[in-house]
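Participant: Structure: start14.pdb, PDB, C-alpha atoms.
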ATOM      1  CA  MET A  54    -100.727 136.753 110.605
ATOM      2  CA  ILE A  55    -103.429 138.998 109.176
ATOM      3  CA  ASP A  56    -106.526 138.832 111.369
ATOM      4  CA  GLU A  57    -109.170 140.369 109.107
ATOM      5  CA  PRO A  58    -110.664 137.984 106.486
ATOM      6  CA  LEU A  59    -110.908 140.561 103.706
ATOM      7  CA  GLU A  60    -107.353 141.745 104.321
ATOM      8  CA  ARG A  61    -106.208 138.134 104.089
ATOM      9  CA  LEU A  62    -107.910 137.892 100.710
ATOM     10  CA  ARG A  63    -106.427 141.198  99.522
ATOM     11  CA  ALA A  64    -102.936 140.109 100.563
ATOM     12  CA  ALA A  65    -103.342 136.700  98.908
ATOM     13  CA  ALA A  66    -104.572 138.305  95.685
ATOM     14  CA  ARG A  67    -101.481 140.524  95.662
ATOM     15  CA  ARG A  68     -99.246 137.472  96.136
ATOM     16  CA  THR A  69    -101.064 135.681  93.316
ATOM     17  CA  ARG A  70    -100.494 138.628  90.970
ATOM     18  CA  GLU A  71     -96.823 138.755  91.951
ATOM     19  CA  HIS A  72     -96.493 134.999  91.466
ATOM     20  CA  ALA A  73     -97.911 135.230  87.931
ATOM     21  CA  LEU A  74     -96.358 138.585  87.009
ATOM     22  CA  ASN A  75     -93.810 137.336  84.482
ATOM     23  CA  ARG A  76     -95.760 134.316  83.303
ATOM     24  CA  THR A  77     -96.668 133.930  79.645
ATOM     25  CA  ALA A  78    -100.357 133.321  79.014
ATOM     26  CA  THR A  79    -101.111 129.722  78.113
ATOM     27  CA  GLY A  80    -104.783 129.958  77.178
ATOM     28  CA  LEU A  81    -105.778 127.839  80.183
ATOM     29  CA  GLY A  82    -108.681 129.293  82.166
ATOM     30  CA  HIS A  83    -110.084 128.456  85.580
ATOM     31  CA  GLU A  84    -112.112 125.611  84.079
ATOM     32  CA  ASP A  85    -108.829 123.955  82.973
ATOM     33  CA  ALA A  86    -107.315 123.780  86.455
ATOM     34  CA  ASP A  87    -106.038 120.351  87.412
ATOM     35  CA  ASP A  88    -107.267 118.562  90.514
ATOM     36  CA  ASP A  89    -104.058 119.005  92.455
ATOM     37  CA  ALA A  90    -102.577 122.460  91.835
ATOM     38  CA  GLY A  91    -105.813 124.381  91.280
ATOM     39  CA  THR A  92    -106.115 127.643  89.366
ATOM     40  CA  ILE A  93    -102.831 129.174  90.499
ATOM     41  CA  GLY A  94    -101.223 127.563  87.440
ATOM     42  CA  THR A  95    -103.743 128.905  84.909
ATOM     43  CA  ASP A  96    -104.272 132.253  83.202
ATOM     44  CA  ALA A  97    -106.949 132.967  85.806
ATOM     45  CA  ALA A  98    -104.093 133.921  88.143
ATOM     46  CA  LEU A  99    -102.887 136.676  85.806
ATOM     47  CA  GLY A 100    -104.001 139.984  87.305
ATOM     48  CA  PHE A 101    -106.200 138.205  89.857
ATOM     49  CA  ASP A 102    -108.270 140.709  91.844
ATOM     50  CA  PRO A 103    -111.693 139.583  93.102
ATOM     51  CA  PHE A 104    -112.548 142.893  94.722
ATOM     52  CA  PRO A 105    -114.128 144.790  91.787
ATOM     53  CA  LEU A 106    -116.697 142.006  91.463
ATOM     54  CA  LEU A 107    -117.158 141.636  95.227
ATOM     55  CA  GLU A 108    -117.760 145.388  95.491
ATOM     56  CA  ALA A 109    -120.272 145.258  92.618
ATOM     57  CA  LEU A 110    -122.135 142.401  94.315
ATOM     58  CA  HIS A 111    -122.234 144.444  97.523
ATOM     59  CA  ARG A 112    -123.541 147.549  95.707
ATOM     60  CA  THR A 113    -126.409 145.712  94.053
ATOM     61  CA  GLY A 114    -127.336 143.782  97.191
ATOM     62  CA  ALA A 115    -126.774 140.417  95.508
ATOM     63  CA  ARG A 116    -127.292 137.564  97.954
ATOM     64  CA  VAL A 117    -124.168 135.517  97.305
ATOM     65  CA  VAL A 118    -121.697 133.601  99.445
ATOM     66  CA  VAL A 119    -118.008 133.187  98.604
ATOM     67  CA  ILE A 120    -116.982 129.526  98.537
ATOM     68  CA  GLY A 121    -113.921 127.658  97.262
ATOM     69  CA  GLN A 122    -110.345 128.651  97.983
ATOM     70  CA  ALA A 123    -111.118 132.378  98.214
ATOM     71  CA  ALA A 124    -113.231 131.471 101.251
ATOM     72  CA  GLY A 125    -110.454 129.175 102.442
ATOM     73  CA  ILE A 126    -108.033 132.103 102.371
ATOM     74  CA  MET A 127    -110.499 134.218 104.351
ATOM     75  CA  HIS A 128    -110.448 131.452 106.972
ATOM     76  CA  GLY A 129    -106.643 131.403 107.079
ATOM     77  CA  SER A 130    -105.535 129.009 104.338
ATOM     78  CA  ALA A 131    -102.023 129.667 103.073
ATOM     79  CA  GLU A 132    -102.646 128.321  99.559
ATOM     80  CA  LEU A 133    -103.112 130.856  96.801
ATOM     81  CA  THR A 134    -105.859 130.768  94.197
ATOM     82  CA  GLY A 135    -106.653 132.405  90.886
ATOM     83  CA  ASP A 136    -110.427 132.187  90.939
ATOM     84  CA  LEU A 137    -113.523 133.322  92.782
ATOM     85  CA  ASP A 138    -116.350 130.827  93.278
ATOM     86  CA  LEU A 139    -119.769 131.908  94.484
ATOM     87  CA  LEU A 140    -122.933 130.275  95.800
ATOM     88  CA  TRP A 141    -126.440 131.721  95.805
ATOM     89  CA  ASP A 142    -129.904 130.279  96.398
ATOM     90  CA  GLY A 143    -131.038 130.188  92.740
ATOM     91  CA  ALA A 144    -134.305 132.040  93.466
ATOM     92  CA  ALA A 145    -135.603 134.009  90.462
ATOM     93  CA  ALA A 146    -136.380 137.004  92.688
ATOM     94  CA  HIS A 147    -132.686 137.338  93.572
ATOM     95  CA  ALA A 148    -131.342 136.998  90.035
ATOM     96  CA  PRO A 149    -131.707 140.676  88.942
ATOM     97  CA  ALA A 150    -129.266 141.966  91.562
ATOM     98  CA  LEU A 151    -126.806 139.254  90.583
ATOM     99  CA  ALA A 152    -127.100 140.061  86.888
ATOM    100  CA  ALA A 153    -126.705 143.792  87.546
ATOM    101  CA  ALA A 154    -123.483 143.214  89.463
ATOM    102  CA  PHE A 155    -121.923 141.061  86.752
ATOM    103  CA  ALA A 156    -123.033 143.443  84.006
ATOM    104  CA  SER A 157    -121.519 146.413  85.847
ATOM    105  CA  VAL A 158    -118.026 144.873  85.656
ATOM    106  CA  ASP A 159    -118.451 143.722  82.028
ATOM    107  CA  ALA A 160    -118.322 140.046  82.979
ATOM    108  CA  ARG A 161    -118.644 137.414  80.270
ATOM    109  CA  LEU A 162    -120.919 134.516  81.185
ATOM    110  CA  VAL A 163    -121.020 130.956  79.847
ATOM    111  CA  ASP A 164    -123.203 127.934  80.495
ATOM    112  CA  GLU A 165    -121.858 124.547  81.568
ATOM    113  CA  SER A 166    -121.033 123.704  77.940
ATOM    114  CA  GLY A 167    -119.086 126.935  77.423
ATOM    115  CA  ASN A 168    -121.761 128.659  75.367
ATOM    116  CA  PRO A 169    -121.982 132.444  75.858
ATOM    117  CA  LEU A 170    -124.832 133.836  77.929
ATOM    118  CA  PRO A 171    -126.126 137.404  78.169
ATOM    119  CA  ALA A 172    -125.756 139.146  81.534
ATOM    120  CA  ARG A 173    -129.497 138.920  82.207
ATOM    121  CA  PRO A 174    -131.353 137.537  85.233
ATOM    122  CA  ASP A 175    -132.659 134.494  83.349
ATOM    123  CA  SER A 176    -129.102 133.442  82.501
ATOM    124  CA  PHE A 177    -128.489 132.696  86.155
ATOM    125  CA  LEU A 178    -131.471 130.344  86.480
ATOM    126  CA  ARG A 179    -129.386 127.243  85.922
ATOM    127  CA  PRO A 180    -127.303 125.126  88.316
ATOM    128  CA  LYS A 181    -124.036 126.874  87.431
ATOM    129  CA  VAL A 182    -122.836 129.832  85.387
ATOM    130  CA  GLY A 183    -119.185 130.370  84.549
ATOM    131  CA  PHE A 184    -117.882 133.919  84.425
ATOM    132  CA  THR A 185    -114.824 135.892  83.431
ATOM    133  CA  SER A 186    -114.503 139.495  84.546
ATOM    134  CA  PRO A 187    -111.589 141.940  84.623
ATOM    135  CA  GLY A 188    -109.684 140.617  87.641
ATOM    136  CA  ALA A 189    -111.574 137.430  88.456
ATOM    137  CA  SER A 190    -113.139 134.372  86.915
ATOM    138  CA  GLY A 191    -114.917 131.417  88.418
ATOM    139  CA  ASP A 192    -118.265 129.712  88.856
ATOM    140  CA  CYS A 193    -121.525 131.073  90.231
ATOM    141  CA  CYS A 194    -123.317 128.018  91.627
ATOM    142  CA  THR A 195    -126.678 127.141  93.139
ATOM    143  CA  PRO A 196    -127.782 124.269  95.404
ATOM    144  CA  ALA A 197    -129.199 122.577  92.273
ATOM    145  CA  LEU A 198    -125.660 121.627  91.252
ATOM    146  CA  PRO A 199    -124.713 118.078  92.365
ATOM    147  CA  TRP A 200    -122.741 118.354  95.598
ATOM    148  CA  GLY A 201    -122.115 114.718  96.443
ATOM    149  CA  GLY A 202    -125.035 114.432  98.835
ATOM    150  CA  LEU A 203    -124.092 117.556 100.794
ATOM    151  CA  GLN A 204    -127.055 119.783 101.735
ATOM    152  CA  VAL A 205    -125.505 122.919 100.289
ATOM    153  CA  ARG A 206    -128.582 125.096 100.792
ATOM    154  CA  GLU A 207    -127.909 124.924 104.534
ATOM    155  CA  CYS A 208    -124.490 126.499 103.927
ATOM    156  CA  LEU A 209    -126.196 129.717 102.819
ATOM    157  CA  GLY A 210    -127.806 130.094 106.230
ATOM    158  CA  HIS A 211    -124.564 129.339 108.057
ATOM    159  CA  ALA A 212    -122.480 131.893 106.120
ATOM    160  CA  VAL A 213    -120.482 134.483 108.037
ATOM    161  CA  THR A 214    -119.943 138.135 107.071
ATOM    162  CA  ALA A 215    -116.706 140.070 106.805
ATOM    163  CA  THR A 216    -116.704 143.878 106.687
ATOM    164  CA  ASP A 217    -113.780 146.142 105.824
ATOM    165  CA  PRO A 218    -113.237 149.731 107.042
ATOM    166  CA  GLY A 219    -114.719 151.089 103.815
ATOM    167  CA  GLY A 220    -118.021 149.334 104.457
ATOM    168  CA  LEU A 221    -117.650 146.481 101.984
ATOM    169  CA  GLU A 222    -119.536 143.427 103.256
ATOM    170  CA  VAL A 223    -118.757 139.968 101.932
ATOM    171  CA  ARG A 224    -120.544 136.815 103.029
ATOM    172  CA  TYR A 225    -118.477 133.644 102.924
ATOM    173  CA  VAL A 226    -119.080 130.016 103.771
ATOM    174  CA  SER A 227    -118.404 128.940 107.354
ATOM    175  CA  ARG A 228    -115.208 127.050 108.052
ATOM    176  CA  GLN A 229    -116.990 123.804 108.941
ATOM    177  CA  ASP A 230    -119.234 123.968 105.867
ATOM    178  CA  LEU A 231    -116.214 124.651 103.663
ATOM    179  CA  ILE A 232    -114.469 121.614 105.104
ATOM    180  CA  ARG A 233    -117.561 119.515 104.366
ATOM    181  CA  MET A 234    -117.716 120.874 100.805
ATOM    182  CA  ARG A 235    -114.063 120.018 100.298
ATOM    183  CA  ARG A 236    -114.466 116.474 101.552
ATOM    184  CA  ALA A 237    -117.629 115.936  99.469
ATOM    185  CA  LEU A 238    -115.818 116.990  96.278
ATOM    186  CA  GLY A 239    -112.879 114.781  97.173
ATOM    187  CA  ARG A 240    -110.253 115.999  94.697
ATOM    188  CA  PRO A 241    -106.615 116.014  95.916
ATOM    189  CA  LYS A 242    -106.607 119.795  96.309
ATOM    190  CA  ASP A 243    -109.924 119.709  98.182
ATOM    191  CA  LEU A 244    -108.792 117.050 100.632
ATOM    192  CA  ARG A 245    -105.471 118.821 101.208
ATOM    193  CA  ARG A 246    -107.193 122.142 101.841
ATOM    194  CA  ALA A 247    -109.812 120.538 104.088
ATOM    195  CA  ASP A 248    -107.033 119.057 106.216
ATOM    196  CA  GLU A 249    -105.323 122.446 106.400
ATOM    197  CA  LEU A 250    -108.439 124.050 107.895
ATOM    198  CA  ASP A 251    -109.420 121.057 110.011
ATOM    199  CA  TYR A 252    -106.281 120.556 112.071
ATOM    200  CA  PRO A 253    -104.462 122.761 114.617
ATOM    201  CA  ASP A 254    -101.282 124.397 113.457
ATOM    202  CA  ARG A 255     -97.864 123.057 114.404
ATOM    203  CA  ARG A 256     -97.594 125.245 117.495
ATOM    204  CA  GLY A 257    -100.558 123.428 119.020
ATOM    205  CA  ARG A 258    -102.915 126.397 118.750
ATOM    206  CA  PRO A 259    -106.141 126.493 116.760
ATOM    207  CA  SER A 260    -105.691 127.698 113.203
ATOM    208  CA  PRO A 261    -106.607 131.369 112.529
ATOM    209  CA  SER A 262    -109.924 130.262 111.066
ATOM    210  CA  VAL A 263    -110.832 128.425 114.258
ATOM    211  CA  ARG A 264    -110.011 131.478 116.364
ATOM    212  CA  ASP A 265    -112.006 133.742 114.023
ATOM    213  CA  GLU A 266    -115.176 131.723 114.285
ATOM    214  CA  ALA A 267    -114.824 131.194 118.022
ATOM    215  CA  GLY A 268    -114.828 134.964 118.424
ATOM    216  CA  ARG A 269    -117.864 135.678 116.241
TER     217      ARG A 269
END
Spit out the file's structure as structure tokens when you get a sec.
Facilitator:
Amino acid sequence: MIDEPLERLRAAARRTREHALNRTATGLGHEDADDDAGTIGTDAALGFDPFPLLEALHRTGARVVVIGQAAGIMHGSAELTGDLDLLWDGAAAHAPALAAAFASVDARLVDESGNPLPARPDSFLRPKVGFTSPGASGDCCTPALPWGGLQVRECLGHAVTATDPGGLEVRYVSRQDLIRMRRALGRPKDLRRADELDYPDRRGRPSPSVRDEAGR
């Protein structure tokens, strides 16, 4: 078992790339993922590597939190993913750093209808922006997006930080908040992944994510 959250994510990204290595592209992106399998079965898994974008977000000081299955992996989930979902507070003052990070990796942005957006601060002042960058695609969300009654803004304050030996810092949603997000969304994959993080493993010990947070 890998103990460090960012090393877990690196290892999972490698496994995702290996899993999709000989797959023929289908034209299905992260937005086409079904509610059970997730993005591992889409083209988003081809060459999946979230770290160029995570490093760019760190360099610009963008105030974002990793959510979704990438965060689940950082907490110890065994399921692979092909996307990177992010949450930020939606404040106009924080949008320039976000835009600079996405522009630096040549990300393509779209609105909720799939219309292209320029990589400018004002493009992010909407509930959700979809993105595709070399290595990772996903959604960049704000608390203004409907979350099934969940007070998502509180999740930003509860986020935990992982740091690797090179100094990269990545904030990601707490285990309990991720479980609540999963249950609020309620899709088969969300409920399955919530259960995975919510219950002890078969050896009767807390899951790695439980041990991580207990030691923080």
Participant: Could you jot down the atom CA of A:Phe101 to atom CA of A:His211 separation for me, Å, one decimal place?
Facilitator: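 Separation between atom CA of A:Phe101 and atom CA of A:His211: 27.3 Å.
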Participant: Using all atoms listed in the file, which residue out of A:Leu106, A:Leu74, A:Leu221, A:Leu231 lies closest to A:Ala156?
Facilitator: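 Residue with the minimum atom-to-atom distance to A:Ala156: A:Leu106.
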Participant: If you measure from atom CA of A:Arg235 to atom CA of A:Asp248, what distance in Å do you get, rounded to one decimal?
Facilitator: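 So the two atoms, atom CA of A:Arg235 and atom CA of A:Asp248, lie 9.2 Å apart.
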Participant: Residue by residue, what does the PyMOL selection byres ((chain A and resi 224) around 8) grab here? Present the result as a list in words.
Facilitator: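 Applied to this file, the PyMOL selection byres ((chain A and resi 224) around 8) selects Val117, Val118, Val119, Ala212, Val213, Thr214, Ala215, Glu222, Val223, Tyr225 and Val226 of chain A.
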Participant: Determine the residue set returned by the PyMOL selection byres ((chain A and resi 104) around 10) for the present structure, and present it as a list in words.
Facilitator: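 Answer for the PyMOL selection byres ((chain A and resi 104) around 10): Leu59, Leu62, Arg63, Ala66, Phe101, Asp102, Pro103, Pro105, Leu106, Leu107, Glu108, Ala109, Leu110, Leu137, Gly188, Ala189, Leu221 and Val223 of chain A.
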Participant: Could you state which residues are captured by the PyMOL selection byres ((chain A and resi 171-179) around 12) in this file, as an NGL selection string?
Facilitator: :A and (115 or 140-165 or 168-170 or 180-186 or 192-198)
Participant: Pick out the residues sitting within 12 Å of A:Asp230, and hand them over as a list of chain:residue names; count only C-alpha atoms, and ignore anything fewer than 4 positions along from it in its own chain.
Facilitator: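 In the requested format, the answer is A:Val118, A:Val119, A:Ile120, A:Gly121, A:Ala124, A:Gly125, A:His128, A:Leu203, A:Gln204, A:Val205, A:Arg206, A:Glu207, A:Cys208, A:Leu209, A:Gly210, A:His211, A:Ala212, A:Val213, A:Tyr225, A:Val226, A:Met234, A:Arg235, A:Arg236, A:Ala237, A:Ala247, A:Leu250, A:Asp251.
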Participant: Please dump the current selection as a short mmCIF file (atom, residue, chain, number, x, y, z; two decimals), in the frame of the given file; keep C-alpha atoms.
Facilitator:
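Below is the file that was written, again-v5.cif:
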data_model
loop_
_atom_site.label_atom_id
_atom_site.label_comp_id
_atom_site.auth_asym_id
_atom_site.auth_seq_id
_atom_site.Cartn_x
_atom_site.Cartn_y
_atom_site.Cartn_z
CA VAL A 118 -121.70 133.60 99.44
CA VAL A 119 -118.01 133.19 98.60
CA ILE A 120 -116.98 129.53 98.54
CA GLY A 121 -113.92 127.66 97.26
CA ALA A 124 -113.23 131.47 101.25
CA GLY A 125 -110.45 129.18 102.44
CA HIS A 128 -110.45 131.45 106.97
CA LEU A 203 -124.09 117.56 100.79
CA GLN A 204 -127.06 119.78 101.74
CA VAL A 205 -125.50 122.92 100.29
CA ARG A 206 -128.58 125.10 100.79
CA GLU A 207 -127.91 124.92 104.53
CA CYS A 208 -124.49 126.50 103.93
CA LEU A 209 -126.20 129.72 102.82
CA GLY A 210 -127.81 130.09 106.23
CA HIS A 211 -124.56 129.34 108.06
CA ALA A 212 -122.48 131.89 106.12
CA VAL A 213 -120.48 134.48 108.04
CA TYR A 225 -118.48 133.64 102.92
CA VAL A 226 -119.08 130.02 103.77
CA MET A 234 -117.72 120.87 100.80
CA ARG A 235 -114.06 120.02 100.30
CA ARG A 236 -114.47 116.47 101.55
CA ALA A 237 -117.63 115.94 99.47
CA ALA A 247 -109.81 120.54 104.09
CA LEU A 250 -108.44 124.05 107.90
CA ASP A 251 -109.42 121.06 110.01
#
Participant: Please measure the separation of atom CA of A:Asp138 and atom CA of A:Gly191, giving the value in Å to one decimal.
Facilitator: 5.1 Å
Participant: Residues at most 9 Å from A:Thr69, counting all atoms listed in the file, excluding those fewer than 4 positions away in the same chain, as a PyMOL selection string?
Facilitator: chain A and resi 64-65+73-74+93+98-102+133-135
Participant: Those residues you just picked out, can you put them in a file as a PDB file, in the coordinates of the input with C-alpha atoms?
Facilitator:
ATOM      1  CA  ALA A  64    -102.936 140.109 100.563  1.00  0.00           C
ATOM      2  CA  ALA A  65    -103.342 136.700  98.908  1.00  0.00           C
ATOM      3  CA  ALA A  73     -97.911 135.230  87.931  1.00  0.00           C
ATOM      4  CA  LEU A  74     -96.358 138.585  87.009  1.00  0.00           C
ATOM      5  CA  ILE A  93    -102.831 129.174  90.499  1.00  0.00           C
ATOM      6  CA  ALA A  98    -104.093 133.921  88.143  1.00  0.00           C
ATOM      7  CA  LEU A  99    -102.887 136.676  85.806  1.00  0.00           C
ATOM      8  CA  GLY A 100    -104.001 139.984  87.305  1.00  0.00           C
ATOM      9  CA  PHE A 101    -106.200 138.205  89.857  1.00  0.00           C
ATOM     10  CA  ASP A 102    -108.270 140.709  91.844  1.00  0.00           C
ATOM     11  CA  LEU A 133    -103.112 130.856  96.801  1.00  0.00           C
ATOM     12  CA  THR A 134    -105.859 130.768  94.197  1.00  0.00           C
ATOM     13  CA  GLY A 135    -106.653 132.405  90.886  1.00  0.00           C
TER      14      GLY A 135
END
Participant: Need the axis-aligned box for stretch 178-194 of chain A with 4 Å each side, so what are the centre and edges in Å to one decimal, as JSON?
Facilitator:
{"center_x": -120.6, "center_y": 133.5, "center_z": 87.5, "size_x": 29.8, "size_y": 24.8, "size_z": 16.2}
